[in-house]
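Undergrad: Supplied structure: run.pdb, PDB, C-alpha atoms and all ligand atoms.
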ATOM      1  CA  LYS A   1     103.254  92.642 114.088  1.00  0.00           C
ATOM      2  CA  TRP A   2     100.249  94.915 114.426  1.00  0.00           C
ATOM      3  CA  ALA A   3     102.181  98.008 115.264  1.00  0.00           C
ATOM      4  CA  LYS A   4     101.131 100.644 112.648  1.00  0.00           C
ATOM      5  CA  PHE A   5     103.951 103.053 113.302  1.00  0.00           C
ATOM      6  CA  PRO A   6     103.558 106.451 111.620  1.00  0.00           C
ATOM      7  CA  TYR A   7     107.199 106.170 110.485  1.00  0.00           C
ATOM      8  CA  HIS A   8     110.143 103.876 111.068  1.00  0.00           C
ATOM      9  CA  LYS A   9     112.980 105.084 113.252  1.00  0.00           C
ATOM     10  CA  THR A  10     115.553 103.014 115.091  1.00  0.00           C
ATOM     11  CA  LEU A  11     117.558 103.434 118.287  1.00  0.00           C
ATOM     12  CA  THR A  12     120.799 103.747 116.308  1.00  0.00           C
ATOM     13  CA  GLU A  13     119.282 106.748 114.571  1.00  0.00           C
ATOM     14  CA  PHE A  14     118.531 108.343 117.940  1.00  0.00           C
ATOM     15  CA  ASP A  15     121.117 111.014 118.650  1.00  0.00           C
ATOM     16  CA  LEU A  16     121.937 111.333 122.325  1.00  0.00           C
ATOM     17  CA  SER A  17     124.435 114.165 122.048  1.00  0.00           C
ATOM     18  CA  ASP A  18     121.859 116.854 122.843  1.00  0.00           C
ATOM     19  CA  GLN A  19     119.966 114.883 125.467  1.00  0.00           C
ATOM     20  CA  THR A  20     120.818 115.882 129.012  1.00  0.00           C
ATOM     21  CA  SER A  21     117.896 113.862 130.289  1.00  0.00           C
ATOM     22  CA  LEU A  22     118.864 110.473 128.888  1.00  0.00           C
ATOM     23  CA  SER A  23     122.298 108.872 129.181  1.00  0.00           C
ATOM     24  CA  LYS A  24     123.787 106.273 126.866  1.00  0.00           C
ATOM     25  CA  ARG A  25     123.634 103.810 129.709  1.00  0.00           C
ATOM     26  CA  GLN A  26     119.932 104.455 130.298  1.00  0.00           C
ATOM     27  CA  LEU A  27     119.205 104.099 126.604  1.00  0.00           C
ATOM     28  CA  THR A  28     121.020 100.742 126.584  1.00  0.00           C
ATOM     29  CA  GLN A  29     118.969  99.710 129.579  1.00  0.00           C
ATOM     30  CA  LEU A  30     115.769 100.621 127.763  1.00  0.00           C
ATOM     31  CA  GLN A  31     116.987  98.675 124.732  1.00  0.00           C
ATOM     32  CA  GLU A  32     117.390  95.551 126.855  1.00  0.00           C
ATOM     33  CA  LEU A  33     113.597  95.596 127.403  1.00  0.00           C
ATOM     34  CA  THR A  34     113.704  94.480 131.022  1.00  0.00           C
ATOM     35  CA  TRP A  35     111.010  97.104 131.706  1.00  0.00           C
ATOM     36  CA  LEU A  36     108.799  95.322 129.188  1.00  0.00           C
ATOM     37  CA  GLU A  37     109.382  91.881 130.676  1.00  0.00           C
ATOM     38  CA  GLN A  38     108.487  93.320 134.079  1.00  0.00           C
ATOM     39  CA  GLN A  39     105.419  95.253 132.858  1.00  0.00           C
ATOM     40  CA  TYR A  40     106.867  98.664 133.630  1.00  0.00           C
ATOM     41  CA  ASN A  41     105.432 101.678 131.856  1.00  0.00           C
ATOM     42  CA  LEU A  42     107.508 104.385 130.223  1.00  0.00           C
ATOM     43  CA  ILE A  43     106.449 107.988 130.106  1.00  0.00           C
ATOM     44  CA  PHE A  44     108.217 110.365 127.732  1.00  0.00           C
ATOM     45  CA  LEU A  45     107.493 113.998 128.484  1.00  0.00           C
ATOM     46  CA  GLY A  46     108.522 117.161 126.736  1.00  0.00           C
ATOM     47  CA  PRO A  47     107.547 119.742 124.149  1.00  0.00           C
ATOM     48  CA  SER A  48     107.100 119.043 120.468  1.00  0.00           C
ATOM     49  CA  GLY A  49     110.034 117.823 118.396  1.00  0.00           C
ATOM     50  CA  VAL A  50     112.253 116.480 121.186  1.00  0.00           C
ATOM     51  CA  GLY A  51     112.116 112.842 120.017  1.00  0.00           C
ATOM     52  CA  LYS A  52     109.298 111.331 122.107  1.00  0.00           C
ATOM     53  CA  THR A  53     107.623 109.590 119.188  1.00  0.00           C
ATOM     54  CA  HIS A  54     110.953 108.563 117.629  1.00  0.00           C
ATOM     55  CA  LEU A  55     112.112 106.887 120.834  1.00  0.00           C
ATOM     56  CA  SER A  56     108.744 105.145 121.282  1.00  0.00           C
ATOM     57  CA  ILE A  57     108.798 103.739 117.758  1.00  0.00           C
ATOM     58  CA  ALA A  58     112.422 102.640 118.085  1.00  0.00           C
ATOM     59  CA  LEU A  59     111.690 100.759 121.311  1.00  0.00           C
ATOM     60  CA  GLY A  60     108.540  99.317 119.758  1.00  0.00           C
ATOM     61  CA  MET A  61     110.541  97.990 116.814  1.00  0.00           C
ATOM     62  CA  GLU A  62     113.074  96.523 119.210  1.00  0.00           C
ATOM     63  CA  ALA A  63     110.260  94.767 121.071  1.00  0.00           C
ATOM     64  CA  ILE A  64     108.794  93.344 117.855  1.00  0.00           C
ATOM     65  CA  GLN A  65     112.198  91.937 116.910  1.00  0.00           C
ATOM     66  CA  LYS A  66     112.299  90.134 120.227  1.00  0.00           C
ATOM     67  CA  GLY A  67     108.883  88.617 119.590  1.00  0.00           C
ATOM     68  CA  PHE A  68     106.629  90.899 121.618  1.00  0.00           C
ATOM     69  CA  GLN A  69     103.198  91.955 120.414  1.00  0.00           C
ATOM     70  CA  VAL A  70     103.176  95.718 119.949  1.00  0.00           C
ATOM     71  CA  THR A  71     100.522  98.238 118.952  1.00  0.00           C
ATOM     72  CA  PHE A  72     100.904 101.945 118.281  1.00  0.00           C
ATOM     73  CA  VAL A  73      98.032 104.435 118.466  1.00  0.00           C
ATOM     74  CA  THR A  74      97.736 108.136 118.971  1.00  0.00           C
ATOM     75  CA  MET A  75      95.526 109.246 121.825  1.00  0.00           C
ATOM     76  CA  GLY A  76      93.115 110.753 119.310  1.00  0.00           C
ATOM     77  CA  GLU A  77      92.820 107.439 117.423  1.00  0.00           C
ATOM     78  CA  LEU A  78      92.424 105.519 120.649  1.00  0.00           C
ATOM     79  CA  LEU A  79      89.540 107.658 121.841  1.00  0.00           C
ATOM     80  CA  SER A  80      87.734 107.331 118.532  1.00  0.00           C
ATOM     81  CA  LEU A  81      88.251 103.539 118.613  1.00  0.00           C
ATOM     82  CA  LEU A  82      86.834 103.358 122.128  1.00  0.00           C
ATOM     83  CA  LYS A  83      83.839 105.494 121.233  1.00  0.00           C
ATOM     84  CA  THR A  84      82.970 103.420 118.157  1.00  0.00           C
ATOM     85  CA  GLU A  85      83.694  99.977 119.578  1.00  0.00           C
ATOM     86  CA  GLU A  86      80.035  99.106 120.227  1.00  0.00           C
ATOM     87  CA  PHE A  87      79.003  99.364 116.598  1.00  0.00           C
ATOM     88  CA  THR A  88      82.172  99.213 114.495  1.00  0.00           C
ATOM     89  CA  ARG A  89      83.756  95.866 113.744  1.00  0.00           C
ATOM     90  CA  LYS A  90      87.061  97.473 112.743  1.00  0.00           C
ATOM     91  CA  SER A  91      87.317  99.246 116.101  1.00  0.00           C
ATOM     92  CA  GLN A  92      86.557  95.999 117.927  1.00  0.00           C
ATOM     93  CA  VAL A  93      89.315  94.175 116.079  1.00  0.00           C
ATOM     94  CA  GLN A  94      91.833  96.883 116.736  1.00  0.00           C
ATOM     95  CA  LEU A  95      90.936  97.274 120.391  1.00  0.00           C
ATOM     96  CA  ASN A  96      91.195  93.532 120.897  1.00  0.00           C
ATOM     97  CA  ARG A  97      94.715  93.713 119.467  1.00  0.00           C
ATOM     98  CA  ILE A  98      95.538  96.543 121.830  1.00  0.00           C
ATOM     99  CA  ARG A  99      94.150  94.578 124.784  1.00  0.00           C
ATOM    100  CA  ALA A 100      96.223  91.542 123.801  1.00  0.00           C
ATOM    101  CA  SER A 101      99.468  93.463 123.292  1.00  0.00           C
ATOM    102  CA  ASP A 102     102.575  93.144 125.416  1.00  0.00           C
ATOM    103  CA  LEU A 103     103.336  96.766 124.652  1.00  0.00           C
ATOM    104  CA  VAL A 104     100.861  99.509 123.836  1.00  0.00           C
ATOM    105  CA  ILE A 105     102.302 102.806 122.664  1.00  0.00           C
ATOM    106  CA  ILE A 106      99.906 105.705 123.196  1.00  0.00           C
ATOM    107  CA  ASP A 107     101.282 108.771 121.499  1.00  0.00           C
ATOM    108  CA  ASP A 108     100.376 112.343 122.422  1.00  0.00           C
ATOM    109  CA  LEU A 109      98.339 111.718 125.518  1.00  0.00           C
ATOM    110  CA  MET A 110      96.216 114.591 126.792  1.00  0.00           C
ATOM    111  CA  TYR A 111      96.794 116.654 123.758  1.00  0.00           C
ATOM    112  CA  MET A 112      93.344 117.996 124.325  1.00  0.00           C
ATOM    113  CA  ALA A 113      90.869 117.899 127.172  1.00  0.00           C
ATOM    114  CA  MET A 114      88.755 114.759 127.340  1.00  0.00           C
ATOM    115  CA  GLU A 115      85.037 114.425 127.791  1.00  0.00           C
ATOM    116  CA  GLN A 116      83.822 112.561 130.849  1.00  0.00           C
ATOM    117  CA  ARG A 117      82.733 109.581 128.756  1.00  0.00           C
ATOM    118  CA  GLU A 118      86.094 109.411 126.992  1.00  0.00           C
ATOM    119  CA  ALA A 119      87.916 109.486 130.322  1.00  0.00           C
ATOM    120  CA  THR A 120      85.767 106.621 131.600  1.00  0.00           C
ATOM    121  CA  LEU A 121      86.385 104.495 128.501  1.00  0.00           C
ATOM    122  CA  PHE A 122      90.086 105.256 128.711  1.00  0.00           C
ATOM    123  CA  PHE A 123      90.117 104.275 132.368  1.00  0.00           C
ATOM    124  CA  HIS A 124      88.580 100.874 131.549  1.00  0.00           C
ATOM    125  CA  LEU A 125      91.278 100.215 128.990  1.00  0.00           C
ATOM    126  CA  ILE A 126      94.094 101.263 131.328  1.00  0.00           C
ATOM    127  CA  ASN A 127      92.554  99.084 134.003  1.00  0.00           C
ATOM    128  CA  HIS A 128      92.600  96.119 131.629  1.00  0.00           C
ATOM    129  CA  LEU A 129      96.236  96.697 130.646  1.00  0.00           C
ATOM    130  CA  TYR A 130      97.350  97.335 134.217  1.00  0.00           C
ATOM    131  CA  GLU A 131      99.994  94.824 135.348  1.00  0.00           C
ATOM    132  CA  ARG A 132      99.388  92.770 132.217  1.00  0.00           C
ATOM    133  CA  SER A 133     101.129  94.877 129.589  1.00  0.00           C
ATOM    134  CA  SER A 134     103.560  97.738 129.354  1.00  0.00           C
ATOM    135  CA  ILE A 135     102.446 101.117 128.138  1.00  0.00           C
ATOM    136  CA  ILE A 136     104.579 103.823 126.600  1.00  0.00           C
ATOM    137  CA  LEU A 137     102.924 107.209 126.876  1.00  0.00           C
ATOM    138  CA  THR A 138     104.157 110.384 125.321  1.00  0.00           C
ATOM    139  CA  SER A 139     102.844 113.763 126.348  1.00  0.00           C
ATOM    140  CA  ASN A 140     103.619 117.431 126.154  1.00  0.00           C
ATOM    141  CA  LYS A 141     101.893 117.917 129.503  1.00  0.00           C
ATOM    142  CA  SER A 142     103.287 116.822 132.860  1.00  0.00           C
ATOM    143  CA  PRO A 143     101.298 114.320 134.945  1.00  0.00           C
ATOM    144  CA  ASP A 144     100.224 117.033 137.411  1.00  0.00           C
ATOM    145  CA  GLN A 145      98.376 118.707 134.522  1.00  0.00           C
ATOM    146  CA  TRP A 146      96.693 115.474 133.417  1.00  0.00           C
ATOM    147  CA  GLY A 147      94.035 115.748 136.098  1.00  0.00           C
ATOM    148  CA  GLU A 148      92.355 118.814 134.703  1.00  0.00           C
ATOM    149  CA  LEU A 149      92.545 117.469 131.146  1.00  0.00           C
ATOM    150  CA  LEU A 150      90.871 114.239 132.169  1.00  0.00           C
ATOM    151  CA  GLY A 151      87.883 116.171 133.442  1.00  0.00           C
ATOM    152  CA  ASP A 152      86.628 114.008 136.259  1.00  0.00           C
ATOM    153  CA  GLU A 153      89.069 114.197 139.189  1.00  0.00           C
ATOM    154  CA  GLY A 154      88.230 110.737 140.531  1.00  0.00           C
ATOM    155  CA  VAL A 155      88.732 109.025 137.195  1.00  0.00           C
ATOM    156  CA  ALA A 156      91.876 111.053 136.572  1.00  0.00           C
ATOM    157  CA  MET A 157      93.377 109.926 139.876  1.00  0.00           C
ATOM    158  CA  ALA A 158      92.523 106.293 139.166  1.00  0.00           C
ATOM    159  CA  ILE A 159      94.125 106.452 135.728  1.00  0.00           C
ATOM    160  CA  LEU A 160      97.238 108.218 137.021  1.00  0.00           C
ATOM    161  CA  ASP A 161      97.525 105.753 139.846  1.00  0.00           C
ATOM    162  CA  ARG A 162      97.630 102.765 137.571  1.00  0.00           C
ATOM    163  CA  ILE A 163      99.905 104.305 134.987  1.00  0.00           C
ATOM    164  CA  LEU A 164     102.430 105.769 137.409  1.00  0.00           C
ATOM    165  CA  HIS A 165     102.472 102.871 139.867  1.00  0.00           C
ATOM    166  CA  ARG A 166     105.227 101.111 137.943  1.00  0.00           C
ATOM    167  CA  ALA A 167     106.653 103.649 135.569  1.00  0.00           C
ATOM    168  CA  GLU A 168     109.847 105.299 134.491  1.00  0.00           C
ATOM    169  CA  VAL A 169     109.423 108.957 133.602  1.00  0.00           C
ATOM    170  CA  VAL A 170     111.851 110.536 131.149  1.00  0.00           C
ATOM    171  CA  HIS A 171     111.772 114.315 130.778  1.00  0.00           C
ATOM    172  CA  MET A 172     112.946 115.187 127.307  1.00  0.00           C
ATOM    173  CA  ASN A 173     113.182 118.896 127.685  1.00  0.00           C
ATOM    174  CA  GLU A 174     115.907 119.707 125.256  1.00  0.00           C
ATOM    175  CA  ALA A 175     115.404 122.187 122.475  1.00  0.00           C
ATOM    176  CA  SER A 176     113.491 120.771 119.539  1.00  0.00           C
ATOM    177  CA  TYR A 177     115.653 118.496 117.406  1.00  0.00           C
ATOM    178  CA  ARG A 178     113.439 119.335 114.453  1.00  0.00           C
ATOM    179  CA  MET A 179     114.089 123.034 114.938  1.00  0.00           C
ATOM    180  CA  LYS A 180     117.808 122.628 115.469  1.00  0.00           C
ATOM    181  CA  HIS A 181     118.230 120.435 112.411  1.00  0.00           C
ATOM    182  CA  ARG A 182     115.793 122.455 110.383  1.00  0.00           C
ATOM    183  CA  GLN A 183     116.459 122.412 106.675  1.00  0.00           C
ATOM    184  CA  SER A 184     116.554 125.880 105.327  1.00  0.00           C
ATOM    185  CA  MET A 185     115.584 126.651 101.761  1.00  0.00           C
ATOM    186  CA  PHE A 186     117.817 129.709 101.749  1.00  0.00           C
ATOM    187  CA  VAL A 187     121.280 129.324 100.359  1.00  0.00           C
ATOM    188  CA  SER A 188     123.796 130.283 103.031  1.00  0.00           C
ATOM    189  CA  GLU A 189     126.073 133.171 102.172  1.00  0.00           C
TER
HETATM  190  P1  LIG B 201     108.061 114.533 119.355  1.00  0.00           P
HETATM  191  O1  LIG B 201     108.784 114.731 120.651  1.00  0.00           O
HETATM  192  O2  LIG B 201     107.243 115.735 118.994  1.00  0.00           O
HETATM  193  O3  LIG B 201     107.296 113.250 119.291  1.00  0.00           O
HETATM  194  P2  LIG B 201     109.568 113.307 117.207  1.00  0.00           P
HETATM  195  O4  LIG B 201     110.016 112.095 117.912  1.00  0.00           O
HETATM  196  O5  LIG B 201     108.461 113.116 116.215  1.00  0.00           O
HETATM  197  O6  LIG B 201     109.202 114.478 118.226  1.00  0.00           O
HETATM  198  O7  LIG B 201     110.813 113.969 116.498  1.00  0.00           O
HETATM  199  C1  LIG B 201     110.676 114.913 115.458  1.00  0.00           C
HETATM  200  C2  LIG B 201     111.689 114.618 114.354  1.00  0.00           C
HETATM  201  O8  LIG B 201     113.006 114.852 114.854  1.00  0.00           O
HETATM  202  C3  LIG B 201     111.674 113.155 113.905  1.00  0.00           C
HETATM  203  O9  LIG B 201     111.971 113.099 112.533  1.00  0.00           O
HETATM  204  C4  LIG B 201     112.784 112.505 114.711  1.00  0.00           C
HETATM  205  O10 LIG B 201     113.343 111.409 114.039  1.00  0.00           O
HETATM  206  C5  LIG B 201     113.769 113.646 114.879  1.00  0.00           C
HETATM  207  N1  LIG B 201     114.440 113.577 116.178  1.00  0.00           N
HETATM  208  C6  LIG B 201     114.008 114.089 117.356  1.00  0.00           C
HETATM  209  N2  LIG B 201     114.873 113.843 118.343  1.00  0.00           N
HETATM  210  C7  LIG B 201     115.885 113.143 117.777  1.00  0.00           C
HETATM  211  C8  LIG B 201     117.115 112.602 118.268  1.00  0.00           C
HETATM  212  N3  LIG B 201     117.481 112.744 119.542  1.00  0.00           N
HETATM  213  N4  LIG B 201     117.918 111.944 117.392  1.00  0.00           N
HETATM  214  C9  LIG B 201     117.574 111.819 116.092  1.00  0.00           C
HETATM  215  N5  LIG B 201     116.430 112.305 115.558  1.00  0.00           N
HETATM  216  C10 LIG B 201     115.607 112.972 116.377  1.00  0.00           C
HETATM  217 MG    MG B 202     105.308 113.043 118.736  1.00  0.00          MG
END
How would this structure read if it were set down as structure tokens?

TA:
Amino acid sequence: KWAKFPYHKTLTEFDLSDQTSLSKRQLTQLQELTWLEQQYNLIFLGPSGVGKTHLSIALGMEAIQKGFQVTFVTMGELLSLLKTEEFTRKSQVQLNRIRASDLVIIDDLMYMAMEQREATLFFHLINHLYERSSIILTSNKSPDQWGELLGDEGVAMAILDRILHRAEVVHMNEASYRMKHRQSMFVSE
């Protein structure tokens, strides 16, 4: 419950044939959810269209089936929730769900640079979730670029520290699946 996935995709629908970065065995290991039981974080990195969101949703659905509390938000949504929490009941409710989740999926982290205040609010949330829940983060930027996007160096380091302390990083750098399996409107000759 609670998840709010943008679309539904499963692990069986996840094609590993083009993935040099993720083996069948590793995928099975992720499916077993030991990382979730042990409050490990997962970080999926790579350019657009490589399957970061798909894999996050699929693991989230797996977790729900096993009885875990899961929420899905994009980084943009999360920041607007945090900024409106003080005066918006809806934001409060949703943030309380996020804080109570076993797994929080934050999609498209650091898509854009954050303001100082946003970084601080984000830090407080990460601090709350730290060692209590698992987080799946997806990003098109590598962690060494997160610092500059988070504005404040001190806050950035503190956030990185907590997220990366117990985390598995998967680089999904293969060519865009979307591009490769693009549907053309032209009739082939
Ligand atoms: P992003 O890395 O940008 O989050 P998505 O996960 O949204 O990419 O993937 C884009 C589209 O391509 C989705 O429809 C997704 O289901 C599909 N896709 C990407 N990678 C795979 C894959 N390895 N197997 C099956 N479908 C994939
Ligand atoms: Mg995505």

Undergrad: Please, which residues have at least one atom within 9 Å of an atom of ligand LIG 201 (chain B), using all atoms listed in the file, listed as a VMD selection string?

TA: chain A and resid 7 to 19 44 to 57 107 to 108 138 to 140 172 176 to 179 181

Undergrad: Counting only C-alpha atoms, note down every residue that has an atom within 7 Å of the point (104.8, 91.4, 119.5) (file coordinates), as a ChimeraX atom specification.

TA: /A:1,63-64,67-70,101-102

Undergrad: Do you have the CA of Glu37 in chain A-CA of Ser80 in chain A distance handy?

TA: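 It comes out at 29.2 Å.
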
Undergrad: Listed atoms of range 105-121 of chain A, axis-aligned box, 5 Å per side: centre and edge lengths to one decimal in Å, as lines of an AutoDock Vina configuration file?

TA:
center_x = 92.5
center_y = 110.4
center_z = 126.5
size_x = 29.6
size_y = 25.2
size_z = 20.1

Undergrad: Could you tell me, as a list in words, exactly which residues end up selected when the PyMOL selection byres (((chain A and resi 130) around 10) and not hetatm) is applied to this structure?

TA: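 Answer for the PyMOL selection byres (((chain A and resi 130) around 10) and not hetatm): Gln39, Tyr40, Asn41, His124, Leu125, Ile126, Asn127, His128, Leu129, Glu131, Arg132, Ser133, Ser134, Ile135, Ile159, Arg162, Ile163, His165 and Arg166 of chain A.
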
Undergrad: Fewer than 4 positions away in the same chain doesn't count, so skip those; otherwise give me all residues within 8 Å of range 31-34 of chain A, counting only C-alpha atoms, as a PyMOL selection string.

TA: chain A and resi 27+38+59+62-63

Undergrad: For a cut-off of 12 Å around (98.8, 116.4, 131.7), file coordinates, pick out all residues using only C-alpha atoms and list them as a VMD selection string.

TA: chain A and resid 43 to 46 108 to 114 137 to 151 156 to 157 159 to 160

Undergrad: What does the structure give for the distance between CA of Ser21 in chain A and CA of Val169 in chain A, in Å to one decimal?

TA: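 Computing it gives 10.3 Å between the two atoms.
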
Undergrad: Please, what distance in Å, to one decimal, runs between CA of His171 in chain A and CA of Leu22 in chain A?

TA: 8.3 Å
